[in-house]
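Structure data follow from entry_25.tsv (TSV, C-alpha atoms):
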chain	number	residue	atom	x	y	z
A	28	MET	CA	47.67	25.85	95.62
A	29	GLU	CA	46.48	29.27	96.72
A	30	THR	CA	47.25	30.59	93.23
A	31	LEU	CA	45.30	27.73	91.67
A	32	ALA	CA	42.37	28.39	93.99
A	33	LYS	CA	42.37	32.07	93.02
A	34	GLN	CA	42.46	31.12	89.34
A	35	GLN	CA	39.51	28.78	89.80
A	36	GLN	CA	37.61	31.47	91.66
A	37	GLN	CA	38.34	33.98	88.90
A	38	LEU	CA	37.23	31.46	86.27
A	39	LYS	CA	33.98	30.93	88.14
A	40	ILE	CA	33.36	34.70	88.16
A	41	GLU	CA	34.09	34.92	84.43
A	42	LEU	CA	31.76	32.00	83.70
A	43	LYS	CA	29.02	33.76	85.66
A	44	LYS	CA	29.61	36.92	83.61
A	45	LYS	CA	29.53	34.88	80.41
A	46	LYS	CA	26.25	33.29	81.48
A	47	ASP	CA	24.77	36.74	82.15
A	48	ILE	CA	25.90	37.90	78.70
A	49	CYS	CA	24.27	34.84	77.10
A	50	LEU	CA	21.05	35.45	79.03
A	51	ASN	CA	21.00	39.03	77.82
A	52	GLU	CA	21.54	37.81	74.23
A	53	ILE	CA	18.68	35.30	74.59
A	54	GLN	CA	16.35	37.99	75.92
A	55	ALA	CA	17.39	40.40	73.16
A	56	PHE	CA	16.86	37.69	70.54
A	57	ARG	CA	13.42	36.99	71.99
A	58	ILE	CA	12.59	40.69	71.68
A	59	ASP	CA	13.65	40.60	68.01
A	60	ILE	CA	11.46	37.54	67.43
A	61	ASN	CA	8.54	39.23	69.16
A	62	LYS	CA	9.00	42.33	66.98
A	63	THR	CA	9.03	40.18	63.85
A	64	ILE	CA	5.90	38.29	64.90
A	65	ASP	CA	4.20	41.57	65.84
A	66	GLN	CA	5.03	42.91	62.38
A	67	LEU	CA	3.65	39.76	60.75
A	68	GLU	CA	0.49	40.10	62.82
A	69	GLN	CA	0.10	43.78	61.92
A	70	THR	CA	0.59	43.04	58.21
A	71	THR	CA	-1.94	40.19	58.36
A	72	ILE	CA	-4.49	42.40	60.13
A	73	LYS	CA	-3.87	45.18	57.60
A	74	ASP	CA	-4.49	42.75	54.73
A	75	LEU	CA	-7.70	41.64	56.42
A	76	ASP	CA	-8.77	45.28	56.90
A	77	ASP	CA	-8.02	46.01	53.24
A	78	GLN	CA	-10.06	43.00	52.11
A	79	PHE	CA	-12.93	44.03	54.38
A	80	SER	CA	-12.81	47.64	53.18
A	81	ALA	CA	-12.93	46.52	49.55
A	82	LEU	CA	-15.88	44.22	50.19
A	83	ASP	CA	-17.62	46.84	52.31
A	84	GLN	CA	-17.16	49.44	49.58
A	85	SER	CA	-18.54	47.03	46.97
A	86	PHE	CA	-21.55	46.39	49.19
A	87	GLU	CA	-22.04	50.13	49.72
A	88	ASN	CA	-21.84	50.75	45.97
A	89	GLU	CA	-24.48	48.10	45.34
A	90	MET	CA	-26.72	49.55	48.05
A	91	GLN	CA	-26.44	52.98	46.44
A	92	ALA	CA	-27.22	51.49	43.03
A	93	VAL	CA	-30.30	49.75	44.46
A	94	GLN	CA	-31.46	52.95	46.13
A	95	LYS	CA	-30.94	54.96	42.94
A	96	THR	CA	-32.94	52.43	40.92
A	97	LEU	CA	-35.78	52.56	43.47
A	98	ASP	CA	-35.79	56.36	43.34
A	99	ASP	CA	-35.81	56.32	39.54
A	100	LEU	CA	-38.67	53.81	39.48
A	101	ARG	CA	-40.72	55.96	41.84
A	102	LYS	CA	-39.98	59.01	39.69
A	103	GLN	CA	-41.04	57.25	36.49
A	104	LYS	CA	-44.18	55.90	38.17
A	105	LEU	CA	-45.22	59.41	39.18
A	106	SER	CA	-44.40	60.66	35.69
A	107	ALA	CA	-46.52	57.90	34.11
A	108	GLU	CA	-49.45	58.64	36.42
A	109	ALA	CA	-49.25	62.35	35.62
A	110	SER	CA	-49.30	61.72	31.87
A	111	ASP	CA	-52.58	59.78	31.66
A	112	VAL	CA	-54.07	62.32	29.22
A	113	ASN	CA	-50.88	62.66	27.14
A	114	THR	CA	-50.42	59.45	25.13
A	115	SER	CA	-46.96	60.26	23.76
A	116	GLN	CA	-45.66	61.30	27.17
A	117	GLN	CA	-47.16	58.18	28.70
A	118	PHE	CA	-45.35	56.05	26.09
A	119	VAL	CA	-42.01	57.69	26.92
A	120	SER	CA	-42.61	57.20	30.65
A	121	LEU	CA	-43.45	53.53	30.14
A	122	LYS	CA	-40.26	52.99	28.10
A	123	LEU	CA	-38.23	54.65	30.83
A	124	CYS	CA	-39.94	52.46	33.40
A	125	GLN	CA	-39.02	49.38	31.39
A	126	THR	CA	-35.39	50.55	31.32
A	127	GLU	CA	-35.38	51.00	35.09
A	128	ILE	CA	-37.05	47.61	35.58
A	129	THR	CA	-34.34	45.98	33.44
A	130	GLU	CA	-31.70	47.71	35.55
A	131	ALA	CA	-33.44	46.47	38.69
A	132	GLU	CA	-33.46	42.90	37.34
A	133	ASN	CA	-29.72	43.15	36.63
A	134	LEU	CA	-29.10	44.28	40.19
A	135	ILE	CA	-31.18	41.41	41.55
A	136	SER	CA	-29.39	38.81	39.42
A	137	GLY	CA	-25.88	40.15	40.09
A	138	GLY	CA	-26.21	42.25	43.20
A	139	SER	CA	-25.23	41.57	46.80
A	140	LEU	CA	-25.27	37.84	46.14
A	141	SER	CA	-22.07	38.43	44.14
A	142	ILE	CA	-20.27	39.47	47.33
A	143	ASP	CA	-19.04	36.26	48.89
A	144	LYS	CA	-18.56	36.60	52.64
A	145	ASN	CA	-16.38	33.47	52.54
A	146	SER	CA	-13.77	35.41	50.53
A	147	LEU	CA	-12.92	37.11	53.82
A	148	CYS	CA	-10.89	34.45	55.57
A	149	PHE	CA	-7.65	33.69	57.38
A	150	GLU	CA	-5.70	30.51	56.78
A	151	ARG	CA	-3.02	29.58	59.27
A	152	ASN	CA	0.53	29.27	58.00
A	153	SER	CA	0.96	25.72	59.22
A	154	GLU	CA	4.46	25.50	57.73
A	155	MET	CA	5.65	28.36	59.92
A	156	LEU	CA	4.18	26.77	63.04
A	157	ALA	CA	5.60	23.36	62.16
A	158	PHE	CA	9.05	24.87	61.64
A	159	LEU	CA	9.00	26.62	65.01
A	160	GLN	CA	7.79	23.44	66.73
A	161	SER	CA	10.60	21.47	65.09
A	162	LEU	CA	13.29	23.60	66.76
A	163	TYR	CA	14.93	22.38	69.93
A	164	SER	CA	15.88	25.81	71.28
A	165	LEU	CA	16.63	29.41	70.27
A	166	ASP	CA	20.31	28.56	69.99
A	167	LYS	CA	21.87	28.08	66.57
A	168	PRO	CA	22.45	24.34	65.93
A	169	GLN	CA	26.08	23.33	66.22
A	170	TYR	CA	27.28	20.90	63.57
A	171	GLN	CA	30.52	18.97	63.46
A	172	MET	CA	32.52	20.17	60.48
A	173	THR	CA	34.95	17.26	60.41
A	174	GLU	CA	32.96	15.52	57.70
A	175	GLN	CA	30.66	17.07	55.16
A	176	ARG	CA	28.18	15.14	53.09
A	177	VAL	CA	26.59	16.37	49.91
A	178	LEU	CA	23.03	15.10	49.89
A	179	PRO	CA	21.75	13.85	46.56
A	180	ARG	CA	19.31	16.15	44.78
A	181	ARG	CA	15.71	15.01	45.06
A	182	THR	CA	14.17	14.05	41.75
A	183	LYS	CA	10.83	12.84	40.43
A	184	GLU	CA	11.15	10.36	37.62
A	185	SER	CA	7.50	9.53	36.96
A	186	LEU	CA	4.72	11.40	35.17
A	187	TYR	CA	2.60	13.65	37.37
A	188	GLN	CA	-1.09	12.80	37.65
A	189	VAL	CA	-3.91	15.33	37.93
A	190	LYS	CA	-6.01	14.69	41.04
A	191	ALA	CA	-8.11	17.89	40.98
A	192	LYS	CA	-8.75	20.91	38.78
A	193	TYR	CA	-10.36	24.31	39.18
A	194	SER	CA	-10.18	27.71	37.52
A	195	PHE	CA	-10.72	31.35	38.43
A	196	ASN	CA	-11.20	34.62	36.58
A	197	VAL	CA	-8.44	37.26	36.54
A	198	LYS	CA	-10.14	39.93	34.47
A	199	LEU	CA	-10.29	43.34	36.15
A	200	PRO	CA	-13.37	45.58	35.84
A	201	LYS	CA	-11.20	48.16	34.03
A	202	ASP	CA	-9.88	45.63	31.48
A	203	GLN	CA	-11.20	46.58	28.06
A	204	LYS	CA	-10.32	43.31	26.31
A	205	THR	CA	-10.36	39.61	26.97
A	206	CYS	CA	-7.24	38.70	28.94
A	207	SER	CA	-4.26	37.09	27.28
A	208	ILE	CA	-2.03	35.70	30.02
A	209	SER	CA	1.24	35.18	28.20
A	210	SER	CA	3.46	34.43	31.19
A	211	MET	CA	3.42	33.75	34.95
A	212	CYS	CA	5.98	33.41	37.72
A	213	LEU	CA	5.82	32.57	41.42
A	214	LEU	CA	6.87	34.95	44.19
A	215	ASP	CA	8.28	33.82	47.55
A	216	SER	CA	4.94	34.80	49.08
A	217	GLY	CA	3.19	32.16	46.99
A	218	TYR	CA	1.40	34.78	44.87
A	219	LEU	CA	1.54	34.73	41.08
A	220	LEU	CA	2.82	37.54	38.90
A	221	VAL	CA	0.75	37.48	35.74
A	222	THR	CA	1.35	39.36	32.48
A	223	ASP	CA	-1.90	40.32	30.74
A	224	ASN	CA	-0.59	41.08	27.28
A	225	ARG	CA	-3.76	42.44	25.68
A	226	ASN	CA	-4.75	44.77	28.54
A	227	LYS	CA	-1.15	45.87	29.21
A	228	VAL	CA	-1.45	45.10	32.93
A	229	LEU	CA	0.76	43.19	35.37
A	230	LYS	CA	-1.34	41.46	38.00
A	231	LEU	CA	-0.52	40.02	41.42
A	232	VAL	CA	-2.77	37.02	41.90
A	233	ASP	CA	-3.58	34.89	44.94
A	234	GLY	CA	-4.08	31.44	43.45
A	235	VAL	CA	-5.37	29.98	46.72
A	236	LYS	CA	-8.06	32.57	47.40
A	237	LYS	CA	-8.62	33.04	43.66
A	238	LYS	CA	-8.40	36.80	43.69
A	239	ILE	CA	-6.32	39.66	42.31
A	240	ARG	CA	-4.48	41.39	45.13
A	241	ASN	CA	-2.83	44.17	43.17
A	242	SER	CA	-2.11	45.35	39.63
A	243	VAL	CA	-0.12	47.96	37.75
A	244	GLU	CA	-0.50	49.31	34.22
A	245	MET	CA	2.48	48.65	31.95
A	246	PRO	CA	3.96	51.08	29.37
A	247	ASP	CA	3.28	48.53	26.61
A	248	ALA	CA	2.13	44.97	26.08
A	249	SER	CA	4.14	42.55	28.23
A	250	ASN	CA	5.52	39.30	26.85
A	251	SER	CA	7.04	37.52	29.85
A	252	VAL	CA	8.02	37.95	33.50
A	253	ASP	CA	10.48	36.48	36.00
A	254	THR	CA	11.59	37.28	39.54
A	255	ILE	CA	14.96	38.82	40.28
A	256	ASN	CA	14.74	38.45	44.07
A	257	ALA	CA	12.12	38.49	46.82
A	258	GLU	CA	11.28	42.16	46.16
A	259	GLU	CA	11.87	42.71	42.45
A	260	ALA	CA	10.74	41.28	39.12
A	261	ILE	CA	11.52	41.97	35.47
A	262	VAL	CA	9.12	42.12	32.52
A	263	CYS	CA	9.79	41.95	28.76
A	264	LEU	CA	7.83	44.65	26.94
A	265	LYS	CA	6.77	44.75	23.31
A	266	ASN	CA	8.53	48.12	22.82
A	267	ASN	CA	11.98	46.45	23.02
A	268	SER	CA	12.54	47.23	26.70
A	269	LEU	CA	12.93	45.51	30.05
A	270	GLN	CA	10.76	46.90	32.84
A	271	PHE	CA	11.85	46.40	36.44
A	272	VAL	CA	9.01	46.13	38.97
A	273	SER	CA	9.07	46.37	42.75
A	274	THR	CA	6.96	43.61	44.33
A	275	ARG	CA	7.41	44.91	47.86
A	276	ASP	CA	4.08	45.83	49.53
A	277	LYS	CA	2.44	46.58	46.17
A	278	LEU	CA	3.44	46.44	42.50
A	279	MET	CA	5.32	49.55	41.40
A	280	LEU	CA	7.26	50.29	38.22
A	281	THR	CA	10.88	51.29	38.82
A	282	ARG	CA	13.66	51.57	36.25
A	283	ARG	CA	13.39	50.60	32.59
A	284	LEU	CA	16.12	49.34	30.27
A	285	LYS	CA	15.69	50.24	26.61
A	286	THR	CA	17.31	47.76	24.20
A	287	ASP	CA	17.88	47.63	20.44
A	288	HIS	CA	16.27	44.22	20.07
A	289	CYS	CA	12.97	42.44	20.60
A	290	CYS	CA	12.42	41.30	24.20
A	291	LEU	CA	10.31	38.14	24.15
A	292	GLY	CA	11.37	35.74	26.91
A	293	VAL	CA	13.26	36.52	30.11
A	294	CYS	CA	14.78	34.60	33.00
A	295	VAL	CA	17.14	35.47	35.84
A	296	ILE	CA	19.77	33.02	37.04
A	297	ALA	CA	23.08	33.38	38.86
A	298	SER	CA	22.64	37.20	38.95
A	299	TYR	CA	22.37	37.35	35.16
A	300	ILE	CA	19.40	38.28	32.98
A	301	PHE	CA	18.85	36.20	29.82
A	302	VAL	CA	16.56	37.51	27.08
A	303	THR	CA	15.31	35.90	23.86
A	304	ASP	CA	14.44	38.00	20.80
A	305	GLY	CA	12.20	35.73	18.71
A	306	ARG	CA	12.75	35.70	14.97
A	307	ASP	CA	16.31	37.09	15.17
A	308	ARG	CA	17.29	33.90	17.08
A	309	ASN	CA	19.60	35.48	19.66
A	310	ILE	CA	19.98	35.18	23.42
A	311	PHE	CA	21.24	38.26	25.25
A	312	LYS	CA	23.01	38.12	28.60
A	313	TYR	CA	22.83	41.18	30.90
A	314	ASP	CA	23.98	41.80	34.44
A	315	ILE	CA	21.47	42.99	37.03
A	316	LYS	CA	22.43	46.63	36.40
A	317	GLY	CA	21.38	46.21	32.76
A	318	THR	CA	24.81	46.09	31.15
A	319	LEU	CA	24.92	43.86	28.06
A	320	LEU	CA	27.59	41.21	28.62
A	321	LYS	CA	27.13	38.83	25.73
A	322	LYS	CA	25.04	38.15	22.64
A	323	ASN	CA	24.75	34.51	21.64
A	324	SER	CA	23.68	34.01	18.03
A	325	GLY	CA	21.33	31.08	17.60
A	326	ASN	CA	21.08	30.97	13.81
A	327	GLU	CA	22.11	27.32	13.82
A	328	ILE	CA	19.95	26.47	16.84
A	329	PHE	CA	16.63	28.28	16.66
A	330	PHE	CA	13.92	28.93	14.13
A	331	TRP	CA	12.08	31.45	16.33
A	332	ASN	CA	13.02	31.30	20.00
A	333	ARG	CA	10.35	32.13	22.55
A	334	TYR	CA	10.35	31.71	26.30
A	335	ILE	CA	13.30	30.90	28.51
A	336	LEU	CA	13.72	29.23	31.90
A	337	GLY	CA	16.77	29.21	34.18
A	338	THR	CA	17.41	26.41	36.69
A	339	LYS	CA	19.75	27.32	39.54
A	340	ASP	CA	20.47	23.73	40.57
A	341	GLU	CA	21.79	22.91	37.10
A	342	ASN	CA	23.18	26.29	36.00
A	343	ALA	CA	21.37	25.73	32.74
A	344	ILE	CA	18.68	27.38	30.64
A	345	TYR	CA	15.77	25.89	28.71
A	346	VAL	CA	14.39	27.66	25.63
A	347	THR	CA	11.17	26.96	23.71
A	348	ASP	CA	11.23	27.39	19.95
A	349	ASP	CA	8.46	27.75	17.38
A	350	ASN	CA	9.76	24.90	15.24
A	351	ASN	CA	12.44	23.12	17.27
A	352	GLY	CA	10.58	22.28	20.47
A	353	LEU	CA	12.67	22.53	23.64
A	354	ILE	CA	16.41	23.24	23.78
A	355	LYS	CA	18.59	22.90	26.89
A	356	MET	CA	21.78	24.97	27.00
A	357	ASP	CA	24.53	25.89	29.43
A	358	LEU	CA	24.95	29.51	30.52
A	359	GLU	CA	27.44	30.15	27.73
A	360	GLY	CA	24.96	29.16	25.03
A	361	ASN	CA	26.23	25.66	24.24
A	362	ILE	CA	23.55	23.08	23.42
A	363	ILE	CA	23.15	20.21	25.88
A	364	TRP	CA	20.19	18.57	24.13
A	365	ASN	CA	17.23	19.34	21.86
A	366	LEU	CA	13.81	17.70	22.06
A	367	SER	CA	11.09	18.14	19.44
A	368	GLY	CA	8.24	16.24	17.85
A	369	GLU	CA	4.84	15.21	19.17
A	370	GLY	CA	3.70	17.38	22.09
A	371	LEU	CA	6.25	20.07	21.26
A	372	LYS	CA	4.98	21.29	17.89
A	373	ASN	CA	4.33	24.86	19.04
A	374	ALA	CA	6.00	25.23	22.44
A	375	PHE	CA	5.42	28.40	24.48
A	376	GLY	CA	5.66	28.84	28.27
A	377	LEU	CA	7.70	26.61	30.53
A	378	CYS	CA	8.48	26.14	34.22
A	379	SER	CA	10.32	23.76	36.53
A	380	ASP	CA	9.11	21.59	39.41
A	381	GLY	CA	12.49	21.84	41.18
A	382	LEU	CA	12.79	18.04	41.05
A	383	GLY	CA	14.41	17.63	37.67
A	384	ASN	CA	11.37	18.15	35.45
A	385	VAL	CA	10.22	20.92	33.12
A	386	PHE	CA	6.59	21.59	32.18
A	387	VAL	CA	6.11	22.93	28.63
A	388	ALA	CA	2.88	24.41	27.23
A	389	ASP	CA	2.22	23.42	23.62
A	390	SER	CA	-0.47	25.49	21.91
A	391	ALA	CA	-0.68	23.23	18.85
A	392	SER	CA	-1.65	20.08	20.76
A	393	HIS	CA	-3.39	22.01	23.61
A	394	THR	CA	-1.36	20.11	26.18
A	395	VAL	CA	1.28	20.60	28.86
A	396	VAL	CA	4.08	18.03	28.64
A	397	GLN	CA	6.57	16.90	31.28
A	398	VAL	CA	10.23	16.65	30.27
A	399	THR	CA	13.10	15.41	32.44
A	400	SER	CA	16.39	17.27	32.86
A	401	ASP	CA	18.14	14.72	30.62
A	402	GLY	CA	15.73	15.34	27.72
A	403	LYS	CA	13.21	12.54	28.11
A	404	CYS	CA	9.53	13.34	27.46
A	405	LEU	CA	7.43	11.52	30.09
A	406	GLY	CA	4.11	12.46	28.50
A	407	ASP	CA	1.19	14.85	28.83
A	408	VAL	CA	0.39	16.16	32.30
A	409	VAL	CA	-2.52	18.26	31.07
A	410	ALA	CA	-4.42	16.63	28.21
A	411	GLU	CA	-7.93	15.40	27.41
A	412	PRO	CA	-10.37	15.91	29.05
A	413	SER	CA	-8.67	18.55	31.25
A	414	ARG	CA	-6.77	20.34	28.53
A	415	VAL	CA	-6.65	24.12	28.02
A	416	TYR	CA	-7.25	25.59	24.58
A	417	LYS	CA	-3.93	26.95	23.29
A	418	PRO	CA	-2.03	27.06	26.60
A	419	TYR	CA	0.57	29.83	26.77
A	420	GLY	CA	1.77	30.35	30.34
A	421	VAL	CA	2.65	27.76	32.99
A	422	CYS	CA	3.84	28.11	36.58
A	423	PHE	CA	4.39	25.48	39.28
A	424	ASN	CA	4.06	25.88	43.05
A	425	SER	CA	6.19	23.02	44.39
A	426	LYS	CA	5.06	23.49	48.01
A	427	ALA	CA	1.40	23.11	47.10
A	428	SER	CA	2.08	20.81	44.11
A	429	LYS	CA	-0.16	22.96	41.92
A	430	LEU	CA	0.34	23.69	38.24
A	431	PHE	CA	-1.10	26.98	36.95
A	432	VAL	CA	-1.92	27.18	33.23
A	433	SER	CA	-3.16	30.13	31.18
A	434	GLY	CA	-4.63	30.13	27.68
A	435	ASN	CA	-4.52	32.54	24.77
A	436	CYS	CA	-7.41	35.06	24.83
A	437	CYS	CA	-8.88	33.64	28.02
A	438	ASN	CA	-9.90	35.34	31.28
A	439	ASP	CA	-9.31	32.25	33.41
A	440	ILE	CA	-6.27	30.65	34.99
A	441	TYR	CA	-6.57	26.88	35.36
A	442	VAL	CA	-5.13	25.18	38.44
A	443	TYR	CA	-4.18	21.50	38.52
A	444	SER	CA	-3.38	19.70	41.78
A	445	LEU	CA	-0.71	17.14	40.93
A	446	GLU	CA	0.61	14.03	42.62

Write-out of the structure in structure tokens:
Amino acid sequence: METLAKQQQQLKIELKKKKDICLNEIQAFRIDINKTIDQLEQTTIKDLDDQFSALDQSFENEMQAVQKTLDDLRKQKLSAEASDVNTSQQFVSLKLCQTEITEAENLISGGSLSIDKNSLCFERNSEMLAFLQSLYSLDKPQYQMTEQRVLPRRTKESLYQVKAKYSFNVKLPKDQKTCSISSMCLLDSGYLLVTDNRNKVLKLVDGVKKKIRNSVEMPDASNSVDTINAEEAIVCLKNNSLQFVSTRDKLMLTRRLKTDHCCLGVCVIASYIFVTDGRDRNIFKYDIKGTLLKKNSGNEIFFWNRYILGTKDENAIYVTDDNNGLIKMDLEGNIIWNLSGEGLKNAFGLCSDGLGNVFVADSASHTVVQVTSDGKCLGDVVAEPSRVYKPYGVCFNSKASKLFVSGNCCNDIYVYSLE
């Protein structure tokens, strides 16, 4: 009994030590959480400071322009008064005054009123707060592993309806041409990566605040874009190359893969890069390092393949074709089904809602159609009177249930709230 009592006493001491270790782990974990939240706060404040600095600089530039115009007007007034006896000089002074007055009118019509103070805002991340409030404790949930259930995949089997629509301009001051947004993809942050083909610029766009957060000039016109992971994207360039882009902090070009074929559409799925080449009707499969693994000839499948979409939940790819509508294939290039006809006469960009549907932009009918994963066309999501002239790019934010649509030779991105 004495031995048993000693064992119990020793066990009690060990339990106390174990408790102290757990307490230390809890406190250390809390410190890690605090550091993460502090970092999030610092990043948010930095973004706010950057937005303020940009607006403040714009305001300062306008103030300087106003002051310069006032100074020029005063100068021309004095010049006109001094040239009363010289008719030709007076005429020149009056013409210069008219020029300055026109400049002043332009400043009045598009001056400080163009700086919207409401663009400086902070919107709470309610999803983050809700997630934290849903937790019972800091401890990792313990699940019984005796029985595992595979939950059925959520699907939407009805046609989406448009409940609201708005648009915003994505043309930069330095852009020399009208934008041509050929492709878009969604980052984990909720921002859009947008390829402006005509201006050879990749743009990071905030679709909620309707503003361009960042941009980077591309080596050539860009055809399409897709994300590789949370910090990297890949862009198909017109010069037969694949450009890798860092999306961490700000857009930055990294490595480039030169190929011997046209690079038109691109998607990344299961750590593989799939690329379409247009009129040559092939699909190329690369690994993330850029090593060519396989070339699937599509002479019997495609007329002119275009954009490509990978769906992780199905391990399948969807390809739009100039003449053959929409084709679904497995990762080895075998056809699962082909859908063509009305609404898919000139299919371009495509995206998934994550619930078993694919949105396809058709430039011939100026619509965006909804197609199910088993090849059934449910109808037009974007049509009259909300249609976009020659839609090219589409991207869907499933969390916000918003469909982004871009048109050929158009500075605007159109946003549709769906239900």

Item to check | Atomic distance atom CA of A:Arg333 - atom CA of A:Leu231, expressed in Å with one decimal | outcome: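 Here the two named atoms are 23.2 Å from each other.
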
Next on the checklist: Calculated over all atoms listed in the file, which of the candidates A:Glu259, A:Glu52, A:Glu29, A:Asp401 has the smallest distance to A:Lys277?
Outcome noted: A:Glu259

Item to check | Two-atom distance - atom CA of A:Asn224, atom CA of A:Cys263 (Å) | outcome: 10.5 Å

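Ranking A:Lys372, A:Arg283, A:Arg275, A:Lys355 by their shortest atom-to-atom distance to A:Gly337, with all atoms listed in the file included, puts A:Lys355 first.
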
Next on the checklist: Would you pick out the contacts of stretch 421-435 of chain A at 6 Å or less, using all atoms listed in the file, so that residues sharing its chain but fewer than 6 positions from it are not included, and give the list as a ChimeraX atom specification?
Outcome noted: /A:207-208,211-212,376-378,380,441-445

Checklist entry - Quick one, how far is atom CA of A:Lys190 from atom CA of A:Gly381? => result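 Going from atom CA of A:Lys190 over to atom CA of A:Gly381, I get 19.8 Å.
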
So for stretch 271-285 of chain A, what box centre and size do we get, axis-aligned, 4 Å extra on each of the six sides, every listed atom, Å to one decimal, as AutoDock Vina command-line options?
--center_x 9.3 --center_y 47.6 --center_z 38.1 --size_x 21.7 --size_y 16.0 --size_z 30.9

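Ranking A:Ala92, A:Leu319, A:Ala297, A:Cys49 by their shortest atom-to-atom distance to A:Leu358, with only C-alpha atoms included, puts A:Ala297 first.
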
Next on the checklist: With distances taken over only C-alpha atoms, which residue among A:Lys192, A:Lys312, A:Lys198, A:Lys204 lies nearest A:Lys238?
Outcome noted: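 Checking each candidate against A:Lys238, we get A:Lys198 as the closest.
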
Item to check | Nearest residue to A:Ala81 from the set A:Phe271, A:Met356, A:Ile239, A:Ser185 (distances using only C-alpha atoms) | outcome: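 With only C-alpha atoms as the atom set, the closest residue is A:Ile239.
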
Checklist entry - Which residues, written as a ChimeraX atom specification, have at least one atom at most 12 Å from stretch 66-77 of chain A, with all atoms listed in the file counted and residues fewer than 6 positions away on the same chain left out? => result /A:59-60,83-84,146-152,155,240-241,276-277

Next on the checklist: Need the shell around A:Thr222: protein/DNA/RNA residues with any atom at most 8 Å away, counting only C-alpha atoms. Skip same-chain ones fewer than 5 positions apart. Format as a ChimeraX atom specification?
Outcome noted: /A:207-211,227-230,249-252

Grab stretch 419-430 of chain A from that structure and dump N, CA and C atoms to a file, as a PDB file, in the first residue's frame.
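Below you can see part-v3.pdb, which holds the result:
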ATOM      1  N   TYR A 419     -15.217  38.869 -72.829  1.00  0.00           N
ATOM      2  CA  TYR A 419     -14.024  38.042 -73.009  1.00  0.00           C
ATOM      3  C   TYR A 419     -13.654  37.304 -71.725  1.00  0.00           C
ATOM      4  N   GLY A 420     -13.475  38.054 -70.657  1.00  0.00           N
ATOM      5  CA  GLY A 420     -13.021  37.469 -69.393  1.00  0.00           C
ATOM      6  C   GLY A 420     -14.141  37.349 -68.382  1.00  0.00           C
ATOM      7  N   VAL A 421     -14.126  36.273 -67.593  1.00  0.00           N
ATOM      8  CA  VAL A 421     -15.090  36.096 -66.505  1.00  0.00           C
ATOM      9  C   VAL A 421     -14.355  35.558 -65.280  1.00  0.00           C
ATOM     10  N   CYS A 422     -14.830  35.953 -64.108  1.00  0.00           N
ATOM     11  CA  CYS A 422     -14.243  35.478 -62.850  1.00  0.00           C
ATOM     12  C   CYS A 422     -15.327  35.528 -61.790  1.00  0.00           C
ATOM     13  N   PHE A 423     -15.388  34.498 -60.938  1.00  0.00           N
ATOM     14  CA  PHE A 423     -16.460  34.410 -59.938  1.00  0.00           C
ATOM     15  C   PHE A 423     -15.877  34.378 -58.536  1.00  0.00           C
ATOM     16  N   ASN A 424     -16.396  35.255 -57.669  1.00  0.00           N
ATOM     17  CA  ASN A 424     -16.061  35.261 -56.247  1.00  0.00           C
ATOM     18  C   ASN A 424     -17.186  34.553 -55.515  1.00  0.00           C
ATOM     19  N   SER A 425     -16.954  33.303 -55.123  1.00  0.00           N
ATOM     20  CA  SER A 425     -18.016  32.489 -54.529  1.00  0.00           C
ATOM     21  C   SER A 425     -18.432  33.001 -53.153  1.00  0.00           C
ATOM     22  N   LYS A 426     -17.484  33.584 -52.401  1.00  0.00           N
ATOM     23  CA  LYS A 426     -17.819  34.093 -51.065  1.00  0.00           C
ATOM     24  C   LYS A 426     -18.781  35.269 -51.146  1.00  0.00           C
ATOM     25  N   ALA A 427     -18.555  36.143 -52.123  1.00  0.00           N
ATOM     26  CA  ALA A 427     -19.409  37.317 -52.280  1.00  0.00           C
ATOM     27  C   ALA A 427     -20.538  37.086 -53.279  1.00  0.00           C
ATOM     28  N   SER A 428     -20.501  35.936 -53.984  1.00  0.00           N
ATOM     29  CA  SER A 428     -21.460  35.604 -55.033  1.00  0.00           C
ATOM     30  C   SER A 428     -21.521  36.716 -56.081  1.00  0.00           C
ATOM     31  N   LYS A 429     -20.338  37.109 -56.550  1.00  0.00           N
ATOM     32  CA  LYS A 429     -20.236  38.163 -57.560  1.00  0.00           C
ATOM     33  C   LYS A 429     -19.519  37.619 -58.800  1.00  0.00           C
ATOM     34  N   LEU A 430     -20.089  37.918 -59.943  1.00  0.00           N
ATOM     35  CA  LEU A 430     -19.508  37.530 -61.219  1.00  0.00           C
ATOM     36  C   LEU A 430     -18.918  38.761 -61.892  1.00  0.00           C
TER      37      LEU A 430
END
